[in-house]
$ cat query.cif   # mmCIF, C-alpha atoms
data_final
#
loop_
_atom_site.label_atom_id
_atom_site.label_comp_id
_atom_site.auth_asym_id
_atom_site.auth_seq_id
_atom_site.Cartn_x
_atom_site.Cartn_y
_atom_site.Cartn_z
CA MET A 353 -1.91 -19.11 0.16
CA GLN A 354 -3.88 -22.31 -0.40
CA GLY A 355 -7.10 -20.34 0.08
CA LEU A 356 -6.18 -18.04 -2.78
CA ILE A 357 -5.12 -20.92 -5.01
CA ASP A 358 -8.55 -22.43 -4.40
CA ARG A 359 -10.23 -19.07 -5.02
CA TYR A 360 -8.39 -18.55 -8.33
CA PRO A 361 -8.28 -22.03 -9.91
CA ASP A 362 -7.47 -20.54 -13.32
CA HIS A 363 -4.32 -18.82 -12.00
CA ALA A 364 -0.87 -20.42 -12.01
CA SER A 365 1.32 -19.71 -8.97
CA ALA A 366 4.76 -18.09 -9.01
CA PHE A 367 7.00 -17.06 -6.12
CA LEU A 368 9.23 -14.04 -6.72
CA ASN A 369 12.64 -14.03 -5.09
CA VAL A 370 14.68 -10.87 -4.65
CA ALA A 371 15.62 -9.28 -8.00
CA GLN A 372 12.96 -11.21 -9.87
CA GLY A 373 10.01 -9.88 -11.81
CA GLY A 374 8.08 -10.28 -15.00
CA VAL A 375 5.17 -9.50 -17.26
CA TYR A 376 2.24 -11.91 -17.40
CA ASN A 377 -0.30 -12.45 -20.14
CA ARG A 378 -1.76 -15.52 -18.41
CA PRO A 379 -3.50 -15.41 -15.02
CA THR A 380 -0.87 -15.86 -12.32
CA LEU A 381 -0.82 -15.57 -8.54
CA ALA A 382 2.54 -13.88 -8.09
CA HIS A 383 3.56 -13.82 -4.45
CA THR A 384 6.52 -12.61 -2.48
CA VAL A 385 7.66 -11.40 0.96
CA LEU A 386 8.94 -7.86 1.45
CA GLY A 387 10.93 -6.13 4.16
CA SER A 388 12.78 -3.03 3.01
CA CYS A 389 12.44 -4.27 -0.59
CA VAL A 390 9.76 -2.83 -2.84
CA SER A 391 7.28 -4.39 -5.24
CA VAL A 392 5.30 -2.46 -7.81
CA THR A 393 2.34 -4.10 -9.52
CA PHE A 394 1.26 -3.08 -13.02
CA TYR A 395 -2.20 -3.89 -14.33
CA VAL A 396 -3.46 -3.22 -17.86
CA PRO A 397 -6.97 -4.70 -17.98
CA ALA A 398 -7.68 -3.54 -21.52
CA ARG A 399 -4.77 -5.62 -22.83
CA GLY A 400 -4.93 -8.57 -20.45
CA LEU A 401 -1.41 -7.73 -19.26
CA SER A 402 0.15 -7.29 -15.87
CA GLY A 403 3.56 -7.16 -14.23
CA ILE A 404 5.30 -7.18 -10.89
CA PHE A 405 8.86 -7.11 -9.54
CA HIS A 406 10.68 -7.49 -6.22
CA ALA A 407 13.58 -5.00 -6.06
CA LEU A 408 16.25 -4.77 -3.40
CA LEU A 409 17.84 -1.34 -3.85
CA PRO A 410 16.78 2.06 -5.19
CA LYS A 411 18.98 3.08 -8.12
CA ALA A 412 21.28 1.10 -10.40
CA THR A 413 23.47 4.13 -11.09
CA GLU A 414 24.59 4.15 -7.46
CA TYR A 415 26.34 0.84 -8.05
CA ARG A 416 29.00 1.24 -10.71
CA LEU A 417 29.72 -2.44 -11.06
CA HIS A 418 26.12 -3.31 -11.71
CA VAL A 419 25.10 -4.27 -15.25
CA PRO A 420 21.37 -3.42 -15.46
CA GLU A 421 20.84 -5.68 -18.45
CA ALA A 422 21.90 -8.68 -16.39
CA THR A 423 19.57 -8.18 -13.40
CA PRO A 424 17.08 -5.40 -14.21
CA TYR A 425 14.82 -6.28 -11.29
CA LYS A 426 17.48 -5.80 -8.61
CA PHE A 427 17.00 -2.03 -8.60
CA VAL A 428 13.72 -0.13 -8.36
CA ASP A 429 14.47 2.30 -11.18
CA THR A 430 15.62 -0.28 -13.74
CA ALA A 431 12.85 -2.67 -12.69
CA ILE A 432 10.16 -0.09 -13.42
CA ALA A 433 11.80 0.84 -16.72
CA SER A 434 12.08 -2.80 -17.76
CA ILE A 435 8.48 -3.72 -17.00
CA VAL A 436 7.03 -0.56 -18.53
CA GLN A 437 9.09 -1.09 -21.67
CA ARG A 438 7.82 -4.66 -21.98
CA LEU A 439 4.21 -3.57 -21.46
CA LEU A 440 4.53 -0.83 -24.08
CA ARG A 441 6.10 -3.28 -26.55
CA ARG A 442 3.01 -5.45 -26.11
CA GLY A 443 0.71 -2.60 -27.02
CA ALA A 444 -0.15 -1.03 -23.66
CA ALA A 445 -0.41 2.76 -23.40
CA LEU A 446 0.99 4.56 -20.35
CA THR A 447 -2.47 5.91 -19.53
CA GLU A 448 -3.85 2.36 -19.33
CA ILE A 449 -1.38 1.14 -16.70
CA GLU A 450 -2.53 1.08 -13.07
CA CYS A 451 0.28 0.79 -10.52
CA LYS A 452 0.36 -0.10 -6.84
CA VAL A 453 3.42 0.14 -4.56
CA PHE A 454 4.24 -2.07 -1.55
CA GLY A 455 7.06 -2.66 0.93
CA GLY A 456 9.81 -0.34 2.12
CA SER A 457 9.60 -1.15 5.80
CA SER A 458 12.37 -0.23 8.20
CA ALA A 459 14.88 -2.96 8.88
CA LEU A 460 15.92 -3.81 12.39
CA PHE A 461 19.48 -2.75 11.72
CA ALA A 462 20.24 0.98 11.68
CA ALA A 463 22.38 0.82 8.54
CA GLU A 464 19.45 -0.58 6.59
CA ARG A 465 16.87 1.65 8.19
CA SER A 466 16.75 4.18 5.37
CA VAL A 467 16.89 1.71 2.49
CA GLY A 468 13.18 0.98 2.64
CA ARG A 469 12.27 4.64 2.52
CA ARG A 470 14.67 5.30 -0.36
CA ASN A 471 13.26 2.34 -2.28
CA VAL A 472 9.75 3.78 -1.95
CA GLU A 473 10.90 7.32 -2.79
CA THR A 474 12.54 6.02 -5.94
CA ALA A 475 9.47 4.03 -6.96
CA PHE A 476 7.15 7.02 -6.54
CA ALA A 477 9.57 9.37 -8.34
CA VAL A 478 10.20 7.08 -11.33
CA LEU A 479 6.51 6.27 -11.76
CA ASP A 480 5.69 9.99 -11.54
CA SER A 481 8.35 10.86 -14.13
CA LEU A 482 6.73 8.39 -16.53
CA GLY A 483 3.27 9.82 -15.87
CA LEU A 484 2.05 6.55 -14.36
CA ARG A 485 -0.79 6.65 -11.87
CA VAL A 486 -0.30 5.08 -8.44
CA ALA A 487 -3.78 3.86 -7.52
CA ALA A 488 -2.73 2.72 -4.05
CA SER A 489 0.28 2.13 -1.85
CA ASN A 490 1.00 0.37 1.40
CA VAL A 491 4.55 1.26 2.40
CA GLY A 492 6.83 2.00 5.33
CA GLY A 493 6.31 0.95 8.92
CA GLU A 494 8.42 -1.58 10.78
CA ARG A 495 6.78 -4.83 9.70
CA GLY A 496 7.39 -6.92 6.63
CA ARG A 497 4.63 -7.78 4.21
CA LYS A 498 3.54 -10.87 2.36
CA ILE A 499 1.83 -9.87 -0.86
CA VAL A 500 -0.07 -11.85 -3.46
CA PHE A 501 -0.93 -10.31 -6.83
CA ALA A 502 -3.73 -11.90 -8.87
CA SER A 503 -2.51 -10.86 -12.30
CA GLY A 504 -5.76 -11.76 -14.03
CA THR A 505 -7.86 -9.38 -11.95
CA GLY A 506 -5.32 -6.85 -10.64
CA GLU A 507 -6.29 -7.68 -7.07
CA ILE A 508 -3.68 -7.46 -4.32
CA PHE A 509 -3.71 -9.27 -0.99
CA VAL A 510 -1.38 -8.04 1.74
CA ARG A 511 -0.60 -9.47 5.14
CA LEU A 512 1.61 -7.70 7.66
CA LEU A 513 4.21 -9.93 9.30
CA ASN A 514 5.45 -9.78 12.84
CA PRO A 515 9.02 -8.46 13.24
CA SER A 516 10.17 -12.05 13.59
CA GLY A 517 8.80 -12.79 10.13
CA THR A 518 5.71 -14.59 11.35
CA ALA A 519 2.08 -13.64 11.01
CA PRO A 520 0.49 -11.42 13.66
CA MET B 679 -19.96 -3.34 14.07
CA ARG B 680 -16.68 -1.43 13.84
CA ARG B 681 -16.65 2.38 13.75
CA ALA B 682 -15.00 4.56 11.13
CA LEU B 683 -14.31 8.29 10.99
CA ILE B 684 -14.59 9.62 7.43
CA VAL B 685 -12.91 12.99 6.89
CA ASP B 686 -13.45 14.87 3.64
CA ASP B 687 -14.71 18.36 2.84
CA SER B 688 -16.72 16.98 -0.10
CA ARG B 689 -20.06 15.55 0.89
CA TYR B 690 -20.09 13.56 -2.37
CA GLN B 691 -16.72 11.97 -1.61
CA ARG B 692 -17.86 11.07 1.90
CA HIS B 693 -20.92 9.45 0.32
CA LEU B 694 -18.73 7.38 -2.04
CA ILE B 695 -16.52 6.21 0.84
CA ILE B 696 -19.51 5.31 3.01
CA GLN B 697 -21.05 3.37 0.13
CA ALA B 698 -17.85 1.35 -0.18
CA ILE B 699 -17.53 0.43 3.50
CA ARG B 700 -21.10 0.48 4.80
CA ASP B 701 -21.24 -3.30 5.24
CA LEU B 702 -18.16 -3.19 7.48
CA PHE B 703 -18.46 -0.02 9.57
CA THR B 704 -20.81 2.42 11.19
CA VAL B 705 -19.63 5.88 10.26
CA ASP B 706 -19.10 9.35 11.70
CA GLU B 707 -18.28 12.18 9.32
CA ALA B 708 -16.07 15.25 9.56
CA ALA B 709 -15.77 18.00 6.93
CA ASP B 710 -12.32 19.28 7.90
CA GLY B 711 -9.22 18.25 9.78
CA GLN B 712 -10.02 20.11 13.00
CA GLU B 713 -13.49 18.60 13.22
CA ALA B 714 -11.84 15.20 12.83
CA ILE B 715 -9.52 15.84 15.77
CA ASP B 716 -12.47 17.02 17.89
CA LEU B 717 -14.54 13.91 17.09
CA PHE B 718 -11.57 11.62 17.66
CA SER B 719 -10.85 13.28 21.01
CA VAL B 720 -14.45 12.80 22.17
CA ALA B 721 -14.43 9.14 21.11
CA LEU B 722 -11.14 8.55 22.89
CA ALA B 723 -12.36 10.21 26.07
CA ALA B 724 -15.52 8.09 25.97
CA GLY B 725 -13.44 4.93 25.74
CA THR B 726 -14.82 4.12 22.30
CA PRO B 727 -11.99 4.94 19.89
CA TYR B 728 -12.55 4.59 16.17
CA ASP B 729 -11.40 1.42 14.40
CA LEU B 730 -10.53 3.28 11.20
CA VAL B 731 -9.83 6.80 9.95
CA VAL B 732 -10.19 7.62 6.25
CA MET B 733 -8.64 11.03 5.66
CA ASP B 734 -8.56 13.46 2.73
CA ILE B 735 -5.54 15.81 2.49
CA LEU B 736 -6.71 19.09 0.98
CA MET B 737 -9.36 20.49 3.31
CA PRO B 738 -10.25 23.84 4.87
CA VAL B 739 -9.24 24.77 8.44
CA LEU B 740 -6.71 21.93 8.85
CA SER B 741 -5.13 19.62 6.25
CA GLY B 742 -5.35 15.85 6.43
CA HIS B 743 -1.62 15.62 7.18
CA ASP B 744 -1.87 18.00 10.14
CA SER B 745 -5.10 16.42 11.34
CA LEU B 746 -3.60 12.94 11.38
CA VAL B 747 -0.52 14.19 13.24
CA GLY B 748 -2.92 15.72 15.77
CA ILE B 749 -4.79 12.43 16.12
CA ARG B 750 -1.52 10.55 16.68
CA ARG B 751 -0.60 13.08 19.40
CA LEU B 752 -3.93 12.43 21.11
CA GLU B 753 -3.24 8.72 21.05
CA THR B 754 0.27 9.17 22.43
CA ALA B 755 -1.06 11.40 25.20
CA ALA B 756 -3.63 8.72 26.03
CA GLY B 757 -0.87 6.13 26.38
CA ILE B 758 -1.85 4.19 23.27
CA SER B 759 1.12 2.33 21.83
CA GLU B 760 2.02 2.54 18.15
CA GLU B 761 0.80 -1.01 17.55
CA ARG B 762 -2.63 -0.20 18.98
CA ARG B 763 -3.22 3.05 17.11
CA THR B 764 -6.31 3.44 14.96
CA PRO B 765 -5.33 2.50 11.39
CA ALA B 766 -5.61 5.37 8.92
CA VAL B 767 -5.98 5.41 5.15
CA MET B 768 -5.12 8.66 3.36
CA LEU B 769 -7.52 9.01 0.44
CA SER B 770 -6.67 11.94 -1.79
CA SER B 771 -6.27 13.19 -5.34
CA LEU B 772 -2.91 14.69 -4.31
CA ASP B 773 -0.99 11.67 -5.57
CA ASP B 774 2.39 13.32 -6.12
CA PRO B 775 5.39 11.54 -4.57
CA GLY B 776 5.74 14.15 -1.81
CA ASN B 777 2.21 13.69 -0.49
CA MET B 778 2.28 9.90 -0.74
CA MET B 779 5.60 9.78 1.13
CA ARG B 780 4.55 12.31 3.77
CA ALA B 781 1.28 10.49 4.43
CA GLN B 782 2.89 7.11 5.12
CA PHE B 783 6.30 8.06 6.55
CA GLU B 784 5.45 11.18 8.57
CA SER B 785 1.75 11.85 9.08
CA GLY B 786 0.94 8.39 10.39
CA ALA B 787 -1.17 6.79 7.65
CA GLN B 788 -0.79 3.07 7.01
CA ALA B 789 -1.97 3.18 3.39
CA PHE B 790 -2.71 5.63 0.59
CA VAL B 791 -5.52 5.38 -1.96
CA THR B 792 -5.72 7.80 -4.88
CA LYS B 793 -8.94 9.53 -5.97
CA PRO B 794 -10.84 8.74 -8.03
CA PHE B 795 -10.89 5.37 -6.33
CA SER B 796 -12.66 2.07 -6.91
CA PRO B 797 -14.44 0.47 -3.93
CA GLN B 798 -12.29 -2.63 -4.49
CA THR B 799 -9.07 -0.65 -4.02
CA LEU B 800 -10.29 0.85 -0.76
CA ILE B 801 -11.41 -2.57 0.50
CA GLU B 802 -7.98 -3.97 -0.44
CA ALA B 803 -6.37 -1.29 1.73
CA LEU B 804 -8.68 -2.17 4.62
CA SER B 805 -7.94 -5.86 4.15
CA SER B 806 -4.21 -5.20 4.48
CA LEU B 807 -4.95 -3.47 7.80
CA GLY B 808 -6.98 -6.40 9.09
CA LEU B 809 -10.26 -4.49 8.74
CA ALA B 810 -11.82 -6.47 5.89
CA GLU B 811 -11.75 -10.10 4.84
CA ASN B 812 -8.19 -11.22 4.14
CA PRO B 813 -7.61 -14.69 2.67
CA LEU B 814 -3.99 -14.54 3.87
CA SER B 815 -4.82 -14.03 7.52
CA GLY B 816 -4.62 -17.01 9.79
CA GLU B 817 -2.68 -19.10 7.35
CA GLU B 818 0.31 -20.98 8.64
CA GLU B 819 3.70 -19.62 7.75
CA ASP B 820 5.40 -21.33 4.87
CA ALA B 821 9.09 -21.37 4.14
CA ASP B 822 8.76 -18.44 1.74
CA SER B 823 7.37 -16.18 4.43
CA CYS B 824 10.54 -16.45 6.47
CA LYS B 825 12.69 -14.99 3.75
CA VAL B 826 11.87 -11.32 4.35
CA SER B 827 13.94 -9.07 2.15
#
$ encode --input "query.cif" --output "C-alpha cells"
Amino acid sequence: MQGLIDRYPDHASAFLNVAQGGVYNRPTLAHTVLGSCVSVTFYVPARGLSGIFHALLPKATEYRLHVPEATPYKFVDTAIASIVQRLLRRGAALTEIECKVFGGSSALFAAERSVGRRNVETAFAVLDSLGLRVAASNVGGERGRKIVFASGTGEIFVRLLNPSGTAP
Amino acid sequence: MRRALIVDDSRYQRHLIIQAIRDLFTVDEAADGQEAIDLFSVALAAGTPYDLVVMDILMPVLSGHDSLVGIRRLETAAGISEERRTPAVMLSSLDDPGNMMRAQFESGAQAFVTKPFSPQTLIEALSSLGLAENPLSGEEEDADSCKVS
C-alpha cells in the first residue's frame, strides 16, 4: 500500500469497511479487502467523479427488517442505486460512467458458498438494467482480494490473497 | 519472456491485444476455439505450457467458452492442479451478465475485459493475475488485509 501512496502523492487514502462506500470528487486511494463481498468501481473522467462501495449481501428486499436509507452500501442493489443516483445528481450521464466489478469469491463454509456468486450476479444484473457498461471484472474463485482504486485515474490494483487471508 | 496464446477470429483484434502486451509476452495466435485447444495441447505435450490465454467468446468452429472448458480438461488430464492452471482472460464484446458470469464461474476464466478495451484495462487484468507489474505484490500484510469479508 505504501508503494501506491508514494506513487499517487496527490491522493488521500481511505479504507472501506463492509457496508461502506462513497462518491469522490478529490483524488483518493480507496482500498478494501473482499471475500464473498463485492465492490463496484465507478469512474466518470469527464466530470472528475468516481465512486466505490463494499457490499455484503445481494438484495435489500430479501431482508425485510433492513432500512436501505440507513445503510445503502450493505446490499449490492441499493449500493449501486445510491452511487449512481449521487453521480447523476452531480451531472454525470449514464453513458459516461465506466464500471468494474470485483470480489464474490467462495467462502470456506458451505452455507456462504453461494453468497459470493449471488453478489456478483446481482451486480451484473443491476448494472445491466441501468445500461451501465462493465469495462472489466475479476470475480469468483476461492481466494479473497485486496483492491485499491485510484479515484483520480480510474486505475484498479488487485492482489489475490491466500485462503488464510495472507498474500500468496 | 512469458508466452501467451491469443484467441480471436478477428485479425485486427488480435493485433490490438498483441500491441497491448508485446512488452510482456511472446505470442501465438489462434483464429477459433478449436485451433486454440490444438495449440494448447501441443504446448502442454512439449512441456512448455502457455503463461496466459486471452480468449474471445464469439468465434467460428468452437466458442471461447467451450474452448476454455476444453483447455481446462487438458490441464486436468495432465495432472495440473487448479492453482497451477494457465490464467485466462475472456476478452469479448458479449458483456451481458450471462456471458460474464459463465466466463468466470463456469468456463474457467479468471477475469473478463469488455471490447472495445483500453490497453490499461487489459494490463490491469494481467496485473491482478500476477502477469504484469503489481505494486501490491510482495507487500507485507497489514491489519486491514486480515479482515476478509
$ closest_residue --input "query.cif" --among "A:Ser466, A:Ser481, A:Thr447, A:Ser388" --to "chain B" --atoms "all atoms listed in the file"
A:Ser388
$ atom_distance --input "query.cif" --atom1 "atom CA of Ile449 of chain A" --atom2 "atom CA of Pro397 of chain A"
8.2 Å
$ axis_aligned_box --input "query.cif" --around "segment 480-483 of chain A" --padding-each-side "3 Å" --output "JSON"
{"center_x": 5.8, "center_y": 9.6, "center_z": -14.0, "size_x": 11.1, "size_y": 8.5, "size_z": 11.0}
$ interface_residues --input "query.cif" --of "chain A" --to "chain B" --cutoff "6 Å" --atoms "all atoms listed in the file" --output "mmCIF file with C-alpha atoms, in the coordinates of the input"
data_model
loop_
_atom_site.group_PDB
_atom_site.id
_atom_site.type_symbol
_atom_site.label_atom_id
_atom_site.label_comp_id
_atom_site.auth_asym_id
_atom_site.auth_seq_id
_atom_site.Cartn_x
_atom_site.Cartn_y
_atom_site.Cartn_z
ATOM 1 C CA VAL A 385 7.660 -11.400 0.960
ATOM 2 C CA LEU A 386 8.940 -7.860 1.450
ATOM 3 C CA GLY A 387 10.930 -6.130 4.160
ATOM 4 C CA CYS A 389 12.440 -4.270 -0.590
ATOM 5 C CA PHE A 476 7.150 7.020 -6.540
ATOM 6 C CA ALA A 487 -3.780 3.860 -7.520
ATOM 7 C CA ALA A 488 -2.730 2.720 -4.050
ATOM 8 C CA SER A 489 0.280 2.130 -1.850
ATOM 9 C CA ASN A 490 1.000 0.370 1.400
ATOM 10 C CA VAL A 510 -1.380 -8.040 1.740
ATOM 11 C CA ARG A 511 -0.600 -9.470 5.140
ATOM 12 C CA GLY A 517 8.800 -12.790 10.130
#
$ atom_distance --input "query.cif" --atom1 "atom CA of Asp686 of chain B" --atom2 "atom CA of Met737 of chain B"
7.0 Å
$ atom_distance --input "query.cif" --atom1 "atom CA of Leu722 of chain B" --atom2 "atom CA of Val685 of chain B"
16.7 Å
$ closest_residue --input "query.cif" --among "A:Gly403, A:Gly468, A:Gly443, A:Gly493" --to "His383 of chain A" --atoms "only C-alpha atoms"
A:Gly403
$ resolve_selection --input "query.cif" --expression "the PyMOL selection byres ((chain A and resi 437) around 12)" --output "PyMOL selection string"
chain A and resi 374-375+394+403+424+430-436+438-446+449+482
